[in-house]
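Student: Input structure: final-v4.txt, which contains compact mmCIF, C-alpha atoms.
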```
# COMPACT_ATOMS: atom_id res chain seq x y z
CA ALA A 1 16.69 -4.35 -7.88
CA GLN A 2 13.29 -4.55 -6.33
CA SER A 3 10.81 -2.98 -8.72
CA VAL A 4 7.28 -3.22 -9.94
CA ALA A 5 6.41 -1.38 -13.11
CA GLN A 6 3.08 0.10 -14.04
CA PRO A 7 3.73 1.62 -17.45
CA GLU A 8 0.55 3.66 -17.70
CA ASP A 9 -0.09 6.73 -15.58
CA GLN A 10 -3.73 6.74 -16.58
CA VAL A 11 -6.17 4.46 -18.33
CA ASN A 12 -9.39 5.76 -19.79
CA VAL A 13 -12.25 3.43 -20.62
CA ALA A 14 -15.94 3.79 -21.37
CA GLU A 15 -18.43 2.29 -18.97
CA GLY A 16 -19.36 -1.23 -19.99
CA ASN A 17 -16.14 -1.84 -21.87
CA PRO A 18 -13.43 -4.22 -20.67
CA LEU A 19 -10.50 -2.69 -18.84
CA THR A 20 -6.87 -3.69 -18.40
CA VAL A 21 -4.34 -2.13 -16.05
CA LYS A 22 -0.82 -3.32 -16.74
CA CYS A 23 1.86 -4.45 -14.31
CA THR A 24 5.22 -6.14 -14.71
CA TYR A 25 7.36 -7.51 -11.91
CA SER A 26 11.05 -7.99 -11.39
CA VAL A 27 11.72 -11.04 -9.25
CA SER A 28 12.48 -14.28 -11.01
CA GLY A 29 11.25 -17.57 -9.68
CA ASN A 30 7.92 -17.58 -7.90
CA PRO A 31 6.72 -14.06 -7.17
CA TYR A 32 3.98 -13.09 -4.77
CA LEU A 33 1.90 -10.40 -6.47
CA PHE A 34 -0.94 -8.19 -5.31
CA TRP A 35 -3.36 -5.58 -6.58
CA TYR A 36 -4.78 -2.82 -4.41
CA VAL A 37 -7.18 0.05 -5.11
CA GLN A 38 -7.12 3.49 -3.51
CA TYR A 39 -9.94 6.01 -3.46
CA PRO A 40 -9.18 9.72 -2.77
CA ASN A 41 -7.73 10.41 0.68
CA ARG A 42 -8.23 6.81 1.72
CA GLY A 43 -6.05 3.85 2.50
CA LEU A 44 -5.63 0.92 0.18
CA GLN A 45 -8.14 -1.85 -0.32
CA PHE A 46 -7.02 -5.35 -1.25
CA LEU A 47 -8.33 -6.66 -4.57
CA LEU A 48 -6.51 -9.93 -5.20
CA LYS A 49 -3.24 -11.79 -4.95
CA TYR A 50 -1.25 -14.45 -6.75
CA ILE A 51 0.79 -16.83 -4.65
CA THR A 52 0.69 -20.06 -6.57
CA GLY A 53 -1.74 -22.14 -8.58
CA ASP A 54 -3.97 -20.98 -11.41
CA ASN A 55 -2.60 -18.16 -13.48
CA LEU A 56 -5.99 -16.44 -13.56
CA VAL A 57 -6.82 -15.02 -10.16
CA LYS A 58 -10.27 -13.73 -9.32
CA GLY A 59 -10.72 -10.98 -6.78
CA SER A 60 -13.08 -8.44 -5.33
CA TYR A 61 -15.59 -6.30 -7.25
CA GLY A 62 -15.39 -8.47 -10.36
CA PHE A 63 -11.69 -7.87 -10.95
CA GLU A 64 -9.29 -10.56 -12.03
CA ALA A 65 -5.62 -10.71 -12.91
CA GLU A 66 -3.58 -12.99 -15.11
CA PHE A 67 -0.13 -14.12 -14.07
CA ASN A 68 2.17 -14.58 -17.05
CA LYS A 69 5.58 -15.91 -16.11
CA SER A 70 7.13 -15.66 -19.56
CA GLN A 71 6.22 -11.98 -19.79
CA THR A 72 6.71 -11.31 -16.06
CA SER A 73 3.34 -9.62 -16.06
CA PHE A 74 0.34 -9.51 -13.76
CA HIS A 75 -2.25 -7.37 -15.55
CA LEU A 76 -5.49 -6.43 -13.81
CA LYS A 77 -8.66 -6.93 -15.81
CA LYS A 78 -12.40 -6.53 -15.61
CA PRO A 79 -14.85 -7.58 -18.34
CA SER A 80 -17.19 -4.60 -17.94
CA ALA A 81 -16.07 -1.35 -16.30
CA LEU A 82 -18.22 0.72 -13.98
CA VAL A 83 -17.94 4.45 -13.32
CA SER A 84 -17.45 3.55 -9.66
CA ASP A 85 -14.29 1.65 -10.60
CA SER A 86 -12.57 5.00 -11.19
CA ALA A 87 -9.71 5.10 -8.69
CA LEU A 88 -5.97 4.66 -8.30
CA TYR A 89 -4.73 1.10 -8.73
CA PHE A 90 -1.48 -0.25 -7.37
CA CYS A 91 0.35 -3.40 -8.24
CA ALA A 92 2.68 -4.75 -5.56
CA GLU A 93 5.23 -7.47 -5.15
CA MET A 94 6.20 -9.14 -1.92
CA PHE A 95 9.91 -9.40 -1.16
CA SER A 96 11.23 -11.82 1.40
CA GLY A 97 14.40 -11.31 3.37
CA GLY A 98 12.79 -9.59 6.28
CA TYR A 99 9.12 -9.41 7.14
CA ASN A 100 7.87 -10.00 3.61
CA LYS A 101 7.46 -6.34 2.79
CA LEU A 102 5.35 -5.10 -0.10
CA ILE A 103 6.86 -2.85 -2.72
CA PHE A 104 4.38 -0.92 -4.81
CA GLY A 105 4.34 0.20 -8.40
CA ALA A 106 3.83 3.84 -9.28
CA GLY A 107 0.09 3.44 -9.59
CA THR A 108 -2.31 3.80 -12.49
CA ARG A 109 -5.28 6.09 -12.40
CA LEU A 110 -8.34 4.49 -13.95
CA ALA A 111 -11.00 6.81 -15.30
CA VAL A 112 -14.25 5.20 -16.41
CA HIS A 113 -16.49 7.52 -18.41
CA PRO A 114 -20.26 7.19 -18.62
CA GLY B 1 -12.58 -8.67 7.73
CA ALA B 2 -9.55 -7.23 9.39
CA VAL B 3 -9.58 -3.56 10.27
CA VAL B 4 -6.64 -1.27 10.73
CA SER B 5 -7.34 2.13 12.22
CA GLN B 6 -5.22 5.24 12.00
CA HIS B 7 -5.49 8.39 14.08
CA PRO B 8 -5.58 11.25 13.40
CA SER B 9 -6.91 11.34 9.85
CA TRP B 10 -5.82 14.95 9.41
CA VAL B 11 -3.30 16.98 11.33
CA ILE B 12 -1.95 20.47 10.84
CA CYS B 13 1.02 21.58 12.88
CA LYS B 14 3.56 24.34 13.06
CA SER B 15 7.08 23.86 11.83
CA GLY B 16 9.35 22.55 14.56
CA THR B 17 6.72 20.65 16.47
CA SER B 18 6.37 16.88 16.69
CA VAL B 19 3.37 14.88 15.58
CA LYS B 20 2.37 11.37 16.58
CA ILE B 21 0.28 9.10 14.37
CA GLU B 22 -1.25 5.94 15.78
CA CYS B 23 -1.95 2.72 13.92
CA ARG B 24 -4.10 0.06 15.54
CA SER B 25 -5.11 -3.39 14.40
CA LEU B 26 -8.65 -3.69 15.74
CA ASP B 27 -9.45 -7.37 15.43
CA PHE B 28 -6.14 -9.18 15.20
CA GLN B 29 -2.69 -9.06 16.71
CA ALA B 30 -0.01 -7.75 14.42
CA THR B 31 3.59 -8.53 15.26
CA THR B 32 4.63 -6.56 12.21
CA MET B 33 3.28 -3.32 10.86
CA PHE B 34 4.51 -1.25 7.97
CA TRP B 35 4.62 2.50 7.55
CA TYR B 36 4.34 4.05 4.11
CA ARG B 37 4.51 7.61 2.87
CA GLN B 38 2.67 8.84 -0.18
CA PHE B 39 3.31 12.10 -1.97
CA PRO B 40 0.59 13.67 -4.12
CA LYS B 41 -0.08 11.66 -7.25
CA GLN B 42 2.72 9.27 -6.41
CA SER B 43 3.09 5.76 -5.18
CA LEU B 44 3.53 4.49 -1.66
CA MET B 45 7.08 4.53 -0.41
CA LEU B 46 7.88 2.06 2.34
CA MET B 47 9.47 3.93 5.21
CA ALA B 48 9.97 1.26 7.83
CA THR B 49 8.87 -2.05 9.24
CA SER B 50 7.62 -1.85 12.78
CA ASN B 51 8.29 -4.89 14.93
CA GLU B 52 6.56 -5.50 18.23
CA GLY B 53 9.00 -5.37 21.09
CA SER B 54 12.04 -4.47 19.04
CA LYS B 55 13.51 -1.68 16.98
CA ALA B 56 11.98 -0.73 13.68
CA THR B 57 13.73 -1.59 10.45
CA TYR B 58 14.10 1.49 8.28
CA GLU B 59 14.39 1.60 4.53
CA GLN B 60 17.41 3.18 2.96
CA GLY B 61 17.25 6.93 2.98
CA VAL B 62 14.68 7.23 5.76
CA GLU B 63 15.93 9.12 8.80
CA LYS B 64 15.22 7.03 11.86
CA ASP B 65 15.77 9.98 14.20
CA LYS B 66 13.26 11.98 12.22
CA PHE B 67 10.59 9.33 12.01
CA LEU B 68 10.40 7.54 15.34
CA ILE B 69 8.50 4.29 15.34
CA ASN B 70 7.34 2.48 18.44
CA HIS B 71 5.50 -0.84 18.44
CA ALA B 72 4.75 -1.26 22.10
CA SER B 73 1.98 -3.81 21.82
CA LEU B 74 0.61 -6.33 19.36
CA THR B 75 -2.15 -3.96 18.32
CA LEU B 76 -0.49 -0.56 18.30
CA SER B 77 2.33 1.07 16.38
CA THR B 78 3.07 4.78 16.46
CA LEU B 79 4.95 7.01 14.06
CA THR B 80 6.26 10.28 15.45
CA VAL B 81 7.47 12.92 13.04
CA THR B 82 9.93 14.91 15.09
CA SER B 83 10.67 18.59 14.52
CA ALA B 84 8.38 18.60 11.53
CA HIS B 85 9.07 20.84 8.55
CA PRO B 86 6.94 21.66 5.52
CA GLU B 87 8.75 19.04 3.43
CA ASP B 88 7.41 16.41 5.84
CA SER B 89 3.89 17.22 4.72
CA SER B 90 2.54 14.04 3.21
CA PHE B 91 0.02 11.23 3.47
CA TYR B 92 1.19 8.56 5.88
CA ILE B 93 -0.35 5.11 5.71
CA CYS B 94 0.18 2.17 8.00
CA SER B 95 -0.56 -1.46 7.30
CA ALA B 96 -0.57 -4.75 9.11
CA ARG B 97 -0.60 -8.39 8.16
CA ARG B 98 -2.84 -10.88 9.84
CA PRO B 99 -0.51 -13.39 11.49
CA SER B 100 -2.16 -16.39 9.83
CA GLY B 101 0.43 -16.41 7.10
CA ASP B 102 3.42 -14.51 5.83
CA THR B 103 1.99 -14.39 2.33
CA GLY B 104 -1.28 -12.88 3.36
CA GLU B 105 -2.43 -9.53 2.17
CA LEU B 106 -1.71 -6.37 4.07
CA PHE B 107 -4.61 -4.48 5.59
CA PHE B 108 -4.24 -0.73 5.39
CA GLY B 109 -5.33 2.10 7.59
CA GLU B 110 -7.22 5.02 6.12
CA GLY B 111 -4.12 7.18 6.17
CA SER B 112 -3.12 10.34 8.01
CA ARG B 113 -2.60 13.56 6.12
CA LEU B 114 0.04 15.75 7.74
CA THR B 115 0.36 19.40 6.82
CA VAL B 116 3.25 21.32 8.33
CA LEU B 117 2.93 25.08 8.15
```
Write the structure described by the file as structure tokens, please.
Tutor:
Amino acid sequence: AQSVAQPEDQVNVAEGNPLTVKCTYSVSGNPYLFWYVQYPNRGLQFLLKYITGDNLVKGSYGFEAEFNKSQTSFHLKKPSALVSDSALYFCAEMFSGGYNKLIFGAGTRLAVHP
Amino acid sequence: GAVVSQHPSWVICKSGTSVKIECRSLDFQATTMFWYRQFPKQSLMLMATSNEGSKATYEQGVEKDKFLINHASLTLSTLTVTSAHPEDSSFYICSARRPSGDTGELFFGEGSRLTVL
């Protein structure tokens, strides 16, 4: 079954501390994985993607994600959180077999406190 | 960067009426666009894949007669919610992929919030 899991509904972190938002994927082999961020009543903004190559992917706004094949994970990380990072974060996996559609995880709300 | 525009951003309509939402790719041609629906505090659910010049491909459980999709040009896809009812109230988001590669990221519109009274 096509599924992307984000086990945490919400993550709370203090400003300046490192943050991690978890994601696990379902497809074996070579997955195509993405992270997007959504601010209230807005569309999604692309953060980063993993297609192939280095397991550590660097993206926008200082975010990075680590692809771990043995754990089928693609956790989003940032060394030092900002209050402005507070938003809804979605992990997504691309499925072939017709237009390479993206299937999203349930989303994780990140709250960064001053 | 690529820009995808949606219109209208907000729409309120009476039950039984039809509402059309437009999705435009402003600086690239998109042979494929995707329509998603998002319920409050929930994830995005893929409704259908819109293909220029051909019929849309609907996900399982999505009523194609309810949600009409037309992709008449390489820069425009429309979603029409026919005979809308309050349960159709939701946030609808379209997206498009730049044709430079099938593994490229999707660019999303700002979304259209539909409220059916």
Student: Please identify all polymer residues within 9 Å of Phe39 of chain B, counting all atoms listed in the file, omitting same-chain residues fewer than 3 positions from it, and present them as an mmCIF file with C-alpha atoms, keeping the file's coordinate frame.
Tutor:
```cif
data_model
loop_
_atom_site.group_PDB
_atom_site.id
_atom_site.type_symbol
_atom_site.label_atom_id
_atom_site.label_comp_id
_atom_site.auth_asym_id
_atom_site.auth_seq_id
_atom_site.Cartn_x
_atom_site.Cartn_y
_atom_site.Cartn_z
ATOM 1 C CA GLN B 42 2.720 9.270 -6.410
ATOM 2 C CA SER B 43 3.090 5.760 -5.180
ATOM 3 C CA LEU B 44 3.530 4.490 -1.660
ATOM 4 C CA MET B 45 7.080 4.530 -0.410
ATOM 5 C CA SER B 89 3.890 17.220 4.720
ATOM 6 C CA SER B 90 2.540 14.040 3.210
ATOM 7 C CA PHE B 91 0.020 11.230 3.470
ATOM 8 C CA TYR B 92 1.190 8.560 5.880
#
```
Student: Could you give me, as a list of chain:residue names, the residues within 9 Å of segment 71-77 of chain A, counting all atoms listed in the file and dropping anything in the same chain fewer than 6 positions from it?
Tutor: A:Pro18, A:Leu19, A:Thr20, A:Val21, A:Lys22, A:Cys23, A:Thr24, A:Tyr25, A:Ser26, A:Val27, A:Ser28, A:Leu33, A:Phe34, A:Trp35, A:Tyr50, A:Gly62, A:Phe63, A:Glu64, A:Ala65, A:Cys91
Student: Please produce a file of those selected residues containing C-alpha atoms, as a PDB file, in the coordinates of the input.
Tutor:
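Output file out_2.pdb follows:
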```pdb
ATOM      1  CA  PRO A  18     -13.430  -4.220 -20.670  1.00  0.00           C
ATOM      2  CA  LEU A  19     -10.500  -2.690 -18.840  1.00  0.00           C
ATOM      3  CA  THR A  20      -6.870  -3.690 -18.400  1.00  0.00           C
ATOM      4  CA  VAL A  21      -4.340  -2.130 -16.050  1.00  0.00           C
ATOM      5  CA  LYS A  22      -0.820  -3.320 -16.740  1.00  0.00           C
ATOM      6  CA  CYS A  23       1.860  -4.450 -14.310  1.00  0.00           C
ATOM      7  CA  THR A  24       5.220  -6.140 -14.710  1.00  0.00           C
ATOM      8  CA  TYR A  25       7.360  -7.510 -11.910  1.00  0.00           C
ATOM      9  CA  SER A  26      11.050  -7.990 -11.390  1.00  0.00           C
ATOM     10  CA  VAL A  27      11.720 -11.040  -9.250  1.00  0.00           C
ATOM     11  CA  SER A  28      12.480 -14.280 -11.010  1.00  0.00           C
ATOM     12  CA  LEU A  33       1.900 -10.400  -6.470  1.00  0.00           C
ATOM     13  CA  PHE A  34      -0.940  -8.190  -5.310  1.00  0.00           C
ATOM     14  CA  TRP A  35      -3.360  -5.580  -6.580  1.00  0.00           C
ATOM     15  CA  TYR A  50      -1.250 -14.450  -6.750  1.00  0.00           C
ATOM     16  CA  GLY A  62     -15.390  -8.470 -10.360  1.00  0.00           C
ATOM     17  CA  PHE A  63     -11.690  -7.870 -10.950  1.00  0.00           C
ATOM     18  CA  GLU A  64      -9.290 -10.560 -12.030  1.00  0.00           C
ATOM     19  CA  ALA A  65      -5.620 -10.710 -12.910  1.00  0.00           C
ATOM     20  CA  CYS A  91       0.350  -3.400  -8.240  1.00  0.00           C
TER      21      CYS A  91
END
```
Student: Rounded to one decimal place, report the atom CA of Ser112 of chain B-atom CA of His7 of chain B distance in Å.
Tutor: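 Taking atom CA of Ser112 of chain B as the start and atom CA of His7 of chain B as the end point, the length is 6.8 Å.
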Student: Got a sec to pull out which chain B residues are within 6 Å of chain A, counting only C-alpha atoms, and send them as a PyMOL selection string?
Tutor: chain B and resi 43+108-111
Student: Write out, as a CSV table (one decimal), in the frame of the given file, the residues just selected, with C-alpha atoms.
Tutor:
```
chain,number,residue,atom,x,y,z
B,43,SER,CA,3.1,5.8,-5.2
B,108,PHE,CA,-4.2,-0.7,5.4
B,109,GLY,CA,-5.3,2.1,7.6
B,110,GLU,CA,-7.2,5.0,6.1
B,111,GLY,CA,-4.1,7.2,6.2
```
Student: Using only C-alpha atoms, can you tell me which of A:Val57, A:Val112, A:Ala87, A:Ala92 comes closest to Glu15 of chain A?
Tutor: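 Using only C-alpha atoms, Glu15 of chain A sits closest to A:Val112.
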Student: What is the distance between atom CA of Ser86 of chain A and atom CA of Val4 of chain A, in Å to one decimal?
Tutor: 21.5 Å
Student: Neighbours of Ser83 of chain B within 8 Å (all atoms listed in the file; same-chain residues fewer than 4 positions away dropped), as a list of chain:residue names?
Tutor: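 My reading of the contact set: B:Ser15, B:Gly16, B:Thr17, B:Ser18, B:Lys66.
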Student: Find the residue from A:Pro79, A:Gly16, A:Pro7, A:Gly53 that sits nearest to Asn30 of chain A; use all atoms listed in the file when measuring.
Tutor: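 Nearest candidate to Asn30 of chain A out of A:Pro79, A:Gly16, A:Pro7, A:Gly53: A:Gly53.
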Student: So how many Å separate atom CA of Tyr61 of chain A and atom CA of Leu26 of chain B, to one decimal?
Tutor: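 If I compute the distance from atom CA of Tyr61 of chain A to atom CA of Leu26 of chain B, I get 24.2 Å.
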Student: Would you mind exporting segment 30-63 of chain A with N, CA and C atoms, as an mmCIF file, in the first residue's frame?
Tutor:
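To be explicit, this is the file written out as result_32.cif:
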```
data_model
loop_
_atom_site.group_PDB
_atom_site.id
_atom_site.type_symbol
_atom_site.label_atom_id
_atom_site.label_comp_id
_atom_site.auth_asym_id
_atom_site.auth_seq_id
_atom_site.Cartn_x
_atom_site.Cartn_y
_atom_site.Cartn_z
ATOM 1 N N ASN A 30 14.261 2.238 -4.525
ATOM 2 C CA ASN A 30 14.788 3.603 -4.522
ATOM 3 C C ASN A 30 13.642 4.611 -4.489
ATOM 4 N N PRO A 31 13.291 5.078 -3.319
ATOM 5 C CA PRO A 31 12.153 6.007 -3.224
ATOM 6 C C PRO A 31 12.561 7.423 -3.612
ATOM 7 N N TYR A 32 11.559 8.167 -4.043
ATOM 8 C CA TYR A 32 11.718 9.603 -4.264
ATOM 9 C C TYR A 32 10.938 10.294 -3.150
ATOM 10 N N LEU A 33 11.628 11.056 -2.324
ATOM 11 C CA LEU A 33 11.022 11.601 -1.116
ATOM 12 C C LEU A 33 11.126 13.114 -1.088
ATOM 13 N N PHE A 34 10.135 13.748 -0.489
ATOM 14 C CA PHE A 34 10.042 15.202 -0.479
ATOM 15 C C PHE A 34 9.597 15.697 0.896
ATOM 16 N N TRP A 35 9.961 16.923 1.198
ATOM 17 C CA TRP A 35 9.410 17.639 2.340
ATOM 18 C C TRP A 35 8.859 18.976 1.857
ATOM 19 N N TYR A 36 7.644 19.276 2.369
ATOM 20 C CA TYR A 36 6.997 20.547 2.075
ATOM 21 C C TYR A 36 6.577 21.198 3.382
ATOM 22 N N VAL A 37 6.415 22.526 3.364
ATOM 23 C CA VAL A 37 5.938 23.261 4.527
ATOM 24 C C VAL A 37 4.692 24.038 4.119
ATOM 25 N N GLN A 38 3.743 24.124 5.042
ATOM 26 C CA GLN A 38 2.505 24.861 4.777
ATOM 27 C C GLN A 38 2.239 25.841 5.915
ATOM 28 N N TYR A 39 2.064 27.112 5.545
ATOM 29 C CA TYR A 39 1.654 28.118 6.503
ATOM 30 C C TYR A 39 0.135 28.266 6.439
ATOM 31 N N PRO A 40 -0.514 28.813 7.468
ATOM 32 C CA PRO A 40 -1.984 28.852 7.531
ATOM 33 C C PRO A 40 -2.631 29.413 6.279
ATOM 34 N N ASN A 41 -3.626 28.673 5.781
ATOM 35 C CA ASN A 41 -4.413 29.092 4.613
ATOM 36 C C ASN A 41 -3.551 29.372 3.385
ATOM 37 N N ARG A 42 -2.477 28.655 3.264
ATOM 38 C CA ARG A 42 -1.592 28.816 2.112
ATOM 39 C C ARG A 42 -1.355 27.474 1.456
ATOM 40 N N GLY A 43 -0.813 27.531 0.251
ATOM 41 C CA GLY A 43 -0.398 26.303 -0.409
ATOM 42 C C GLY A 43 0.878 25.778 0.210
ATOM 43 N N LEU A 44 1.452 24.784 -0.427
ATOM 44 C CA LEU A 44 2.662 24.158 0.103
ATOM 45 C C LEU A 44 3.902 24.739 -0.555
ATOM 46 N N GLN A 45 4.943 24.859 0.239
ATOM 47 C CA GLN A 45 6.230 25.311 -0.285
ATOM 48 C C GLN A 45 7.225 24.167 -0.214
ATOM 49 N N PHE A 46 7.947 23.971 -1.289
ATOM 50 C CA PHE A 46 8.945 22.913 -1.376
ATOM 51 C C PHE A 46 10.136 23.236 -0.494
ATOM 52 N N LEU A 47 10.594 22.251 0.274
ATOM 53 C CA LEU A 47 11.785 22.408 1.104
ATOM 54 C C LEU A 47 12.984 21.667 0.531
ATOM 55 N N LEU A 48 12.790 20.376 0.228
ATOM 56 C CA LEU A 48 13.897 19.572 -0.279
ATOM 57 C C LEU A 48 13.372 18.249 -0.812
ATOM 58 N N LYS A 49 14.268 17.551 -1.508
ATOM 59 C CA LYS A 49 13.901 16.243 -2.038
ATOM 60 C C LYS A 49 15.110 15.326 -2.056
ATOM 61 N N TYR A 50 14.822 14.043 -1.994
ATOM 62 C CA TYR A 50 15.845 13.010 -2.160
ATOM 63 C C TYR A 50 15.458 12.167 -3.374
ATOM 64 N N ILE A 51 16.370 12.126 -4.332
ATOM 65 C CA ILE A 51 16.161 11.282 -5.502
ATOM 66 C C ILE A 51 17.213 10.186 -5.522
ATOM 67 N N THR A 52 18.448 10.596 -5.423
ATOM 68 C CA THR A 52 19.554 9.662 -5.382
ATOM 69 C C THR A 52 20.772 10.419 -4.879
ATOM 70 N N GLY A 53 21.845 9.697 -4.564
ATOM 71 C CA GLY A 53 23.057 10.389 -4.159
ATOM 72 C C GLY A 53 23.248 10.413 -2.658
ATOM 73 N N ASP A 54 23.779 11.516 -2.153
ATOM 74 C CA ASP A 54 24.087 11.630 -0.736
ATOM 75 C C ASP A 54 22.843 11.454 0.116
ATOM 76 N N ASN A 55 23.028 10.756 1.219
ATOM 77 C CA ASN A 55 21.886 10.523 2.100
ATOM 78 C C ASN A 55 21.452 11.781 2.840
ATOM 79 N N LEU A 56 22.336 12.725 3.008
ATOM 80 C CA LEU A 56 21.997 13.976 3.673
ATOM 81 C C LEU A 56 21.678 15.018 2.594
ATOM 82 N N VAL A 57 20.449 15.463 2.615
ATOM 83 C CA VAL A 57 19.984 16.422 1.608
ATOM 84 C C VAL A 57 19.782 17.778 2.269
ATOM 85 N N LYS A 58 20.328 18.804 1.673
ATOM 86 C CA LYS A 58 20.151 20.151 2.201
ATOM 87 C C LYS A 58 19.092 20.883 1.390
ATOM 88 N N GLY A 59 18.271 21.664 2.097
ATOM 89 C CA GLY A 59 17.183 22.339 1.422
ATOM 90 C C GLY A 59 17.075 23.796 1.785
ATOM 91 N N SER A 60 15.866 24.314 1.635
ATOM 92 C CA SER A 60 15.612 25.727 1.868
ATOM 93 C C SER A 60 15.560 26.040 3.357
ATOM 94 N N TYR A 61 15.811 27.310 3.681
ATOM 95 C CA TYR A 61 15.646 27.859 5.030
ATOM 96 C C TYR A 61 16.474 27.126 6.079
ATOM 97 N N GLY A 62 17.578 26.511 5.675
ATOM 98 C CA GLY A 62 18.447 25.847 6.620
ATOM 99 C C GLY A 62 18.028 24.442 7.005
ATOM 100 N N PHE A 63 16.979 23.932 6.373
ATOM 101 C CA PHE A 63 16.526 22.574 6.662
ATOM 102 C C PHE A 63 17.363 21.543 5.910
#
```
